[in-house]
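Take a look at the structure set out below.
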Amino acid sequence: MRRLTLVISAFFLMVSCQTVPYTHRKSLVLIPQPLELELGLNTYREILSKSRLSHNRKWITMVNRVGRRIARAANHPSYRWEFKVIKNDKVINAFCLPGGKIAVYTGLMKLVSNDAELATVIGHEVGHAIARHGAERMSYLLLAELGGMALQEALKKKPRKTLKLAMIAYGAGVTLGVILPYSRLQEYEADHIGLILMAKAGYDPHVALTFWEKMYRKFRGKEPPEFLSTHPLTRHRIERIKKLIPEAMRYYHKR
Ligand SMILES: [Zn+2]
């Protein structure tokens with residue numbers, strides 16, 4: 001029996017191992033991609049149904065313009081990209097759900113001074129999405145919360161709970177009162193992929209450095225907003241970004 005379990009587990013591991021684009025890390029994701037896309041779409045609809053969209057033309061155009069360029073650089077044919085600006089000045093946050101559903105809150109738009117700075121944020125969020133970080137976290141949450149119930153079954157039997165877990169895993173629910181920071185490893189990875197995507201999209205990756213430094217100075221010693229508590233900014237993280245710039249610049253010059 002134990003042997004059978006081992007064989008099944010080994011098979012499961014084999015089919016669920018994936019390689020993260022650009023960083024080539026092997027990660028364990030127990031959620032098949034089509035299901036992940038479905039969950040992303042459900043989460044997106046749930047959030048939009050509870051949010052007010054911004055009517056600020058300038059910001060809507062900006063998020064669409066920058067978002068499309070990052071999306072093209074991400075080159076992810078199974079994604080159907082959408083870009084929204086959600087009206088909530090108190091929320092300094094942005095997300096990209098699986099399937100390419102991107103939203104930026106007005107609270108964050110106020111801190112962004114140009115396209116390249118917005119590309120830093122969107123590139124980073126798209127980095128989390130194409131690295132499937134949410135699905136990776138969701139895999140662990142499912143195991144912990146639902147005792148390893150298969151996701152398909154969980155969605156059928158406990159749809160509300162599964163959706164709530166997805167929002168936490170994707171860092172997309174701002175009203176839940178639960179903030180689950182991405183792991184440091186995932187943050188570094190999203191920074192890394194984000195820099196490459198912004199460079200491929202034609203934005204100078206050096207701007208990422210000045211933008212994160214600006215945010216670091218602005219919120220140093222203060223209660224951090226959602227975006228920075230789920231994306232902790234430290235000197236160490238900024239130093240890592242600095243080291244990654246030469247690699248990103250090769251993509252910038254290759255265009
Ligand atoms: Zn992040």
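Residues in the structure tokens are numbered from 1 in each chain, the chains being A, B, ... in the order shown, and ligands are numbered from 1 in the order shown.
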
DSSP-assigned helix (DSSP H, G or I) among range 27-190 of chain A, expressed as an MDAnalysis selection string: chainID A and resid 33:49 57:74 106:109 115:130 133:145 151:157 159:169 184:190

Surroundings of ligand 1 up to 8 Å, based on only C-alpha atoms and all ligand atoms, as number ranges by chain: A: 124-125, 128, 182, 186-188, 190-191, 230-231

I need the chosen residues saved as a tab-separated table (two decimals), in the first residue's frame, with all heavy atoms.
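New file part33.tsv:
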```
chain	number	residue	atom	x	y	z
A	124	HIS	N	6.12	43.36	-12.83
A	124	HIS	CA	6.29	42.55	-11.62
A	124	HIS	C	5.07	41.64	-11.41
A	124	HIS	O	5.22	40.43	-11.16
A	124	HIS	CB	6.51	43.48	-10.42
A	124	HIS	CG	6.63	42.76	-9.12
A	124	HIS	ND1	7.85	42.43	-8.56
A	124	HIS	CD2	5.70	42.28	-8.26
A	124	HIS	CE1	7.66	41.80	-7.42
A	124	HIS	NE2	6.34	41.69	-7.21
A	125	GLU	N	3.87	42.20	-11.52
A	125	GLU	CA	2.65	41.41	-11.31
A	125	GLU	C	2.49	40.33	-12.38
A	125	GLU	O	2.10	39.21	-12.08
A	125	GLU	CB	1.41	42.31	-11.27
A	125	GLU	CG	1.36	43.25	-10.08
A	125	GLU	CD	1.47	42.53	-8.73
A	125	GLU	OE1	0.90	41.44	-8.59
A	125	GLU	OE2	2.15	43.06	-7.84
A	128	HIS	N	4.67	37.43	-11.52
A	128	HIS	CA	4.05	36.48	-10.59
A	128	HIS	C	3.11	35.54	-11.36
A	128	HIS	O	3.07	34.35	-11.10
A	128	HIS	CB	3.20	37.21	-9.54
A	128	HIS	CG	3.98	37.77	-8.38
A	128	HIS	ND1	4.82	37.00	-7.60
A	128	HIS	CD2	4.03	39.02	-7.84
A	128	HIS	CE1	5.33	37.75	-6.64
A	128	HIS	NE2	4.89	38.99	-6.76
A	182	TYR	N	3.83	37.06	-0.50
A	182	TYR	CA	4.52	36.10	-1.35
A	182	TYR	C	5.82	35.75	-0.64
A	182	TYR	O	6.34	36.54	0.15
A	182	TYR	CB	4.85	36.74	-2.71
A	182	TYR	CG	3.71	36.78	-3.68
A	182	TYR	CD1	2.98	37.94	-3.88
A	182	TYR	CD2	3.38	35.65	-4.42
A	182	TYR	CE1	1.93	37.98	-4.78
A	182	TYR	CE2	2.33	35.68	-5.32
A	182	TYR	CZ	1.61	36.84	-5.51
A	182	TYR	OH	0.58	36.86	-6.39
A	186	GLN	N	9.66	34.09	-4.30
A	186	GLN	CA	8.71	34.48	-5.36
A	186	GLN	C	8.82	35.97	-5.68
A	186	GLN	O	8.69	36.38	-6.82
A	186	GLN	CB	7.29	34.11	-4.95
A	186	GLN	CG	7.03	32.61	-4.93
A	186	GLN	CD	5.63	32.28	-4.45
A	186	GLN	OE1	5.06	32.98	-3.62
A	186	GLN	NE2	5.07	31.20	-4.97
A	187	GLU	N	9.06	36.78	-4.64
A	187	GLU	CA	9.23	38.22	-4.87
A	187	GLU	C	10.44	38.50	-5.76
A	187	GLU	O	10.37	39.28	-6.71
A	187	GLU	CB	9.40	38.96	-3.55
A	187	GLU	CG	8.11	39.26	-2.84
A	187	GLU	CD	7.08	39.86	-3.76
A	187	GLU	OE1	7.41	40.75	-4.56
A	187	GLU	OE2	5.93	39.42	-3.70
A	188	TYR	N	11.56	37.86	-5.42
A	188	TYR	CA	12.77	38.07	-6.22
A	188	TYR	C	12.54	37.62	-7.65
A	188	TYR	O	12.98	38.25	-8.61
A	188	TYR	CB	13.95	37.29	-5.63
A	188	TYR	CG	14.47	37.82	-4.31
A	188	TYR	CD1	15.17	37.00	-3.43
A	188	TYR	CD2	14.27	39.16	-3.95
A	188	TYR	CE1	15.65	37.49	-2.22
A	188	TYR	CE2	14.74	39.64	-2.74
A	188	TYR	CZ	15.42	38.81	-1.88
A	188	TYR	OH	15.89	39.29	-0.69
A	190	ALA	N	9.64	37.46	-9.25
A	190	ALA	CA	8.75	38.40	-9.97
A	190	ALA	C	9.52	39.67	-10.35
A	190	ALA	O	9.30	40.24	-11.43
A	190	ALA	CB	7.54	38.74	-9.11
A	191	ASP	N	10.43	40.12	-9.49
A	191	ASP	CA	11.28	41.27	-9.83
A	191	ASP	C	12.12	40.96	-11.07
A	191	ASP	O	12.21	41.77	-11.99
A	191	ASP	CB	12.25	41.60	-8.67
A	191	ASP	CG	11.56	42.32	-7.51
A	191	ASP	OD1	10.48	42.90	-7.73
A	191	ASP	OD2	12.11	42.29	-6.40
A	230	THR	N	2.58	43.07	1.19
A	230	THR	CA	2.65	41.79	0.48
A	230	THR	C	3.91	41.74	-0.39
A	230	THR	O	4.29	40.69	-0.88
A	230	THR	CB	1.42	41.56	-0.43
A	230	THR	OG1	1.24	42.70	-1.24
A	230	THR	CG2	0.17	41.31	0.38
A	231	HIS	N	4.51	42.89	-0.62
A	231	HIS	CA	5.73	42.96	-1.42
A	231	HIS	C	6.79	43.72	-0.62
A	231	HIS	O	7.12	44.85	-0.95
A	231	HIS	CB	5.48	43.73	-2.72
A	231	HIS	CG	4.50	43.08	-3.62
A	231	HIS	ND1	3.16	43.12	-3.42
A	231	HIS	CD2	4.68	42.37	-4.75
A	231	HIS	CE1	2.55	42.46	-4.39
A	231	HIS	NE2	3.45	42.00	-5.21
```

Picked from range 24-253 of chain A by DSSP as strand (DSSP E or B), as a PyMOL selection string: chain A and resi 26-28+53+82-86+94-97+101-105

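In this comparison, which uses only C-alpha atoms, the residue of A:Arg240, A:Ile47, A:Tyr79, A:Leu108 approaching Val91 in chain A most closely is A:Leu108.
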
Spatial neighbours of Leu118 in chain A, max dist 10 Å, only C-alpha atoms, sep filter under 3 positions, as a list in words: Met62, Val63, Val66, Gly67, Val104, Leu108, Met109, Leu111, Val112, Ser113, Asn114, Asp115, Val121, Ile122, Gly123, His124, Met198, Tyr203, Val207, Ala208 and Phe211 of chain A

Using only C-alpha atoms, what does the table of range 63-150 of chain A residues within 10 Å of range 20-23 of chain A look like, with each row giving the shortest atom pair and its distance in Å to one decimal, sorted by chain and ascending number, as CSV?
```
residue,atom,partner,partner_atom,distance
A:Ala74,CA,A:Pro21,CA,9.8
A:Gly127,CA,A:Pro21,CA,9.0
A:His128,CA,A:Val20,CA,10.0
A:Ile130,CA,A:Pro21,CA,7.4
A:Ala131,CA,A:Val20,CA,5.1
A:Arg132,CA,A:Val20,CA,7.8
A:His133,CA,A:Val20,CA,9.3
```

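Remark: for Ala116 in chain A, the closest of the candidate residues A:Lys101, A:Arg65, A:Lys222, A:Lys87 is A:Arg65 (distances computed over only C-alpha atoms).
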
If we count only C-alpha atoms and set the cut-off at 8 Å, which residues sit around range 157-170 of chain A, ignoring sequence neighbours fewer than 4 positions away in its own chain? Please answer as a compact mmCIF listing (two decimals) with N, CA, C and O atoms, in the first residue's frame.
```txt
# COMPACT_ATOMS: atom_id res chain seq x y z
N LEU A 39 -10.17 29.50 -12.49
CA LEU A 39 -10.17 30.08 -11.16
C LEU A 39 -9.78 31.56 -11.21
O LEU A 39 -10.35 32.39 -10.51
N GLY A 40 -8.84 31.89 -12.07
CA GLY A 40 -8.42 33.27 -12.25
C GLY A 40 -9.58 34.13 -12.72
O GLY A 40 -9.82 35.23 -12.21
N ASN A 42 -12.84 33.45 -12.39
CA ASN A 42 -13.85 33.55 -11.33
C ASN A 42 -13.45 34.60 -10.30
O ASN A 42 -14.28 35.40 -9.86
N THR A 43 -12.17 34.58 -9.92
CA THR A 43 -11.68 35.52 -8.92
C THR A 43 -11.80 36.95 -9.45
O THR A 43 -12.23 37.86 -8.75
N PHE A 95 -2.76 43.83 -9.29
CA PHE A 95 -2.61 42.38 -9.41
C PHE A 95 -2.74 41.95 -10.85
O PHE A 95 -3.27 42.67 -11.69
N LEU A 97 -4.11 38.35 -12.46
CA LEU A 97 -4.62 37.00 -12.19
C LEU A 97 -4.28 36.09 -13.36
O LEU A 97 -4.05 36.57 -14.48
N HIS A 133 2.96 31.74 -9.56
CA HIS A 133 3.18 31.80 -8.12
C HIS A 133 1.89 31.60 -7.33
O HIS A 133 1.90 31.00 -6.26
N GLY A 134 0.79 32.13 -7.85
CA GLY A 134 -0.50 31.98 -7.15
C GLY A 134 -0.88 30.51 -7.07
O GLY A 134 -1.32 30.03 -6.03
N ALA A 135 -0.70 29.80 -8.18
CA ALA A 135 -1.06 28.37 -8.21
C ALA A 135 -0.14 27.57 -7.29
O ALA A 135 -0.57 26.61 -6.65
N ARG A 137 1.19 28.79 -4.51
CA ARG A 137 0.71 29.05 -3.15
C ARG A 137 -0.61 28.36 -2.89
O ARG A 137 -0.86 27.84 -1.81
N MET A 138 -1.46 28.38 -3.92
CA MET A 138 -2.78 27.75 -3.83
C MET A 138 -2.60 26.25 -3.57
O MET A 138 -3.38 25.66 -2.81
N LEU A 141 -2.00 25.98 0.08
CA LEU A 141 -3.20 26.33 0.84
C LEU A 141 -4.24 25.22 0.77
O LEU A 141 -4.89 24.89 1.75
N LEU A 142 -4.38 24.65 -0.43
CA LEU A 142 -5.35 23.57 -0.62
C LEU A 142 -5.01 22.39 0.27
O LEU A 142 -5.87 21.81 0.92
N GLU A 153 -12.78 18.95 -7.24
CA GLU A 153 -13.79 18.55 -6.27
C GLU A 153 -14.09 19.70 -5.32
O GLU A 153 -15.24 19.97 -4.98
N VAL A 178 -7.10 39.39 5.15
CA VAL A 178 -6.03 38.38 5.23
C VAL A 178 -4.98 38.76 4.20
O VAL A 178 -5.28 38.89 3.02
N ILE A 179 -3.78 38.98 4.69
CA ILE A 179 -2.71 39.27 3.74
C ILE A 179 -1.66 38.19 3.86
O ILE A 179 -1.14 37.92 4.93
N LEU A 180 -1.43 37.54 2.75
CA LEU A 180 -0.43 36.49 2.74
C LEU A 180 0.71 36.95 1.84
O LEU A 180 0.56 37.01 0.64
```

Test item: residues at most 8 Å from Lys200 in chain A, only C-alpha atoms, excluding those fewer than 4 positions along its chain, as a list in words: Ile70, Ala73, Ile196, Tyr251, Tyr252 and Arg255 of chain A

Top pick for closest residue to Ile92 in chain A, considering A:Leu48, A:Thr106, A:Leu53, A:Pro205 and counting only C-alpha atoms: A:Thr106

CA of Gly202 in chain A to CA of Glu117 in chain A, distance in Å rounded to a single decimal: 12.4 Å

Selection: 12 Å around His55 in chain A, only C-alpha atoms, excl. self and same-chain fewer than 6 positions, as an MDAnalysis selection string: chainID A and resid 61 84:88 106

Could you save those same residues with N, CA, C and O atoms as a PDB file, in the first residue's frame?
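Result file follows (part_38.pdb):
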```pdb
ATOM      1  N   THR A  61      -6.299  54.905 -20.038  1.00  0.00           N
ATOM      2  CA  THR A  61      -5.486  54.828 -21.262  1.00  0.00           C
ATOM      3  C   THR A  61      -4.066  54.368 -20.930  1.00  0.00           C
ATOM      4  O   THR A  61      -3.490  53.534 -21.631  1.00  0.00           O
ATOM      5  N   LYS A  84      -7.751  46.910 -16.091  1.00  0.00           N
ATOM      6  CA  LYS A  84      -8.749  47.762 -15.432  1.00  0.00           C
ATOM      7  C   LYS A  84      -8.078  48.667 -14.414  1.00  0.00           C
ATOM      8  O   LYS A  84      -7.023  48.338 -13.862  1.00  0.00           O
ATOM      9  N   VAL A  85      -8.747  49.816 -14.176  1.00  0.00           N
ATOM     10  CA  VAL A  85      -8.328  50.685 -13.072  1.00  0.00           C
ATOM     11  C   VAL A  85      -9.475  50.679 -12.067  1.00  0.00           C
ATOM     12  O   VAL A  85     -10.596  51.048 -12.408  1.00  0.00           O
ATOM     13  N   ILE A  86      -9.217  50.213 -10.866  1.00  0.00           N
ATOM     14  CA  ILE A  86     -10.263  50.145  -9.842  1.00  0.00           C
ATOM     15  C   ILE A  86     -10.187  51.381  -8.957  1.00  0.00           C
ATOM     16  O   ILE A  86      -9.108  51.772  -8.505  1.00  0.00           O
ATOM     17  N   LYS A  87     -11.376  51.995  -8.762  1.00  0.00           N
ATOM     18  CA  LYS A  87     -11.414  53.243  -8.000  1.00  0.00           C
ATOM     19  C   LYS A  87     -11.396  52.949  -6.506  1.00  0.00           C
ATOM     20  O   LYS A  87     -12.382  52.465  -5.940  1.00  0.00           O
ATOM     21  N   ASN A  88     -10.286  53.180  -5.892  1.00  0.00           N
ATOM     22  CA  ASN A  88     -10.156  53.126  -4.439  1.00  0.00           C
ATOM     23  C   ASN A  88      -8.801  53.733  -4.090  1.00  0.00           C
ATOM     24  O   ASN A  88      -7.762  53.104  -4.222  1.00  0.00           O
ATOM     25  N   THR A 106      -6.540  52.916  -7.879  1.00  0.00           N
ATOM     26  CA  THR A 106      -6.204  54.343  -8.041  1.00  0.00           C
ATOM     27  C   THR A 106      -5.183  54.805  -6.990  1.00  0.00           C
ATOM     28  O   THR A 106      -4.391  55.698  -7.253  1.00  0.00           O
TER      29      THR A 106
END
```

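Using only C-alpha atoms for every distance, the candidate list A:Asn93, A:Ala129, A:Tyr105, A:Arg217 yields A:Tyr105 as the residue closest to Ile60 in chain A.
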
Spatial neighbours of Gly100 in chain A, max dist 7 Å, only C-alpha atoms, sep filter under 6 positions, as a list in words: Tyr79, Arg80, Trp81 and Glu82 of chain A
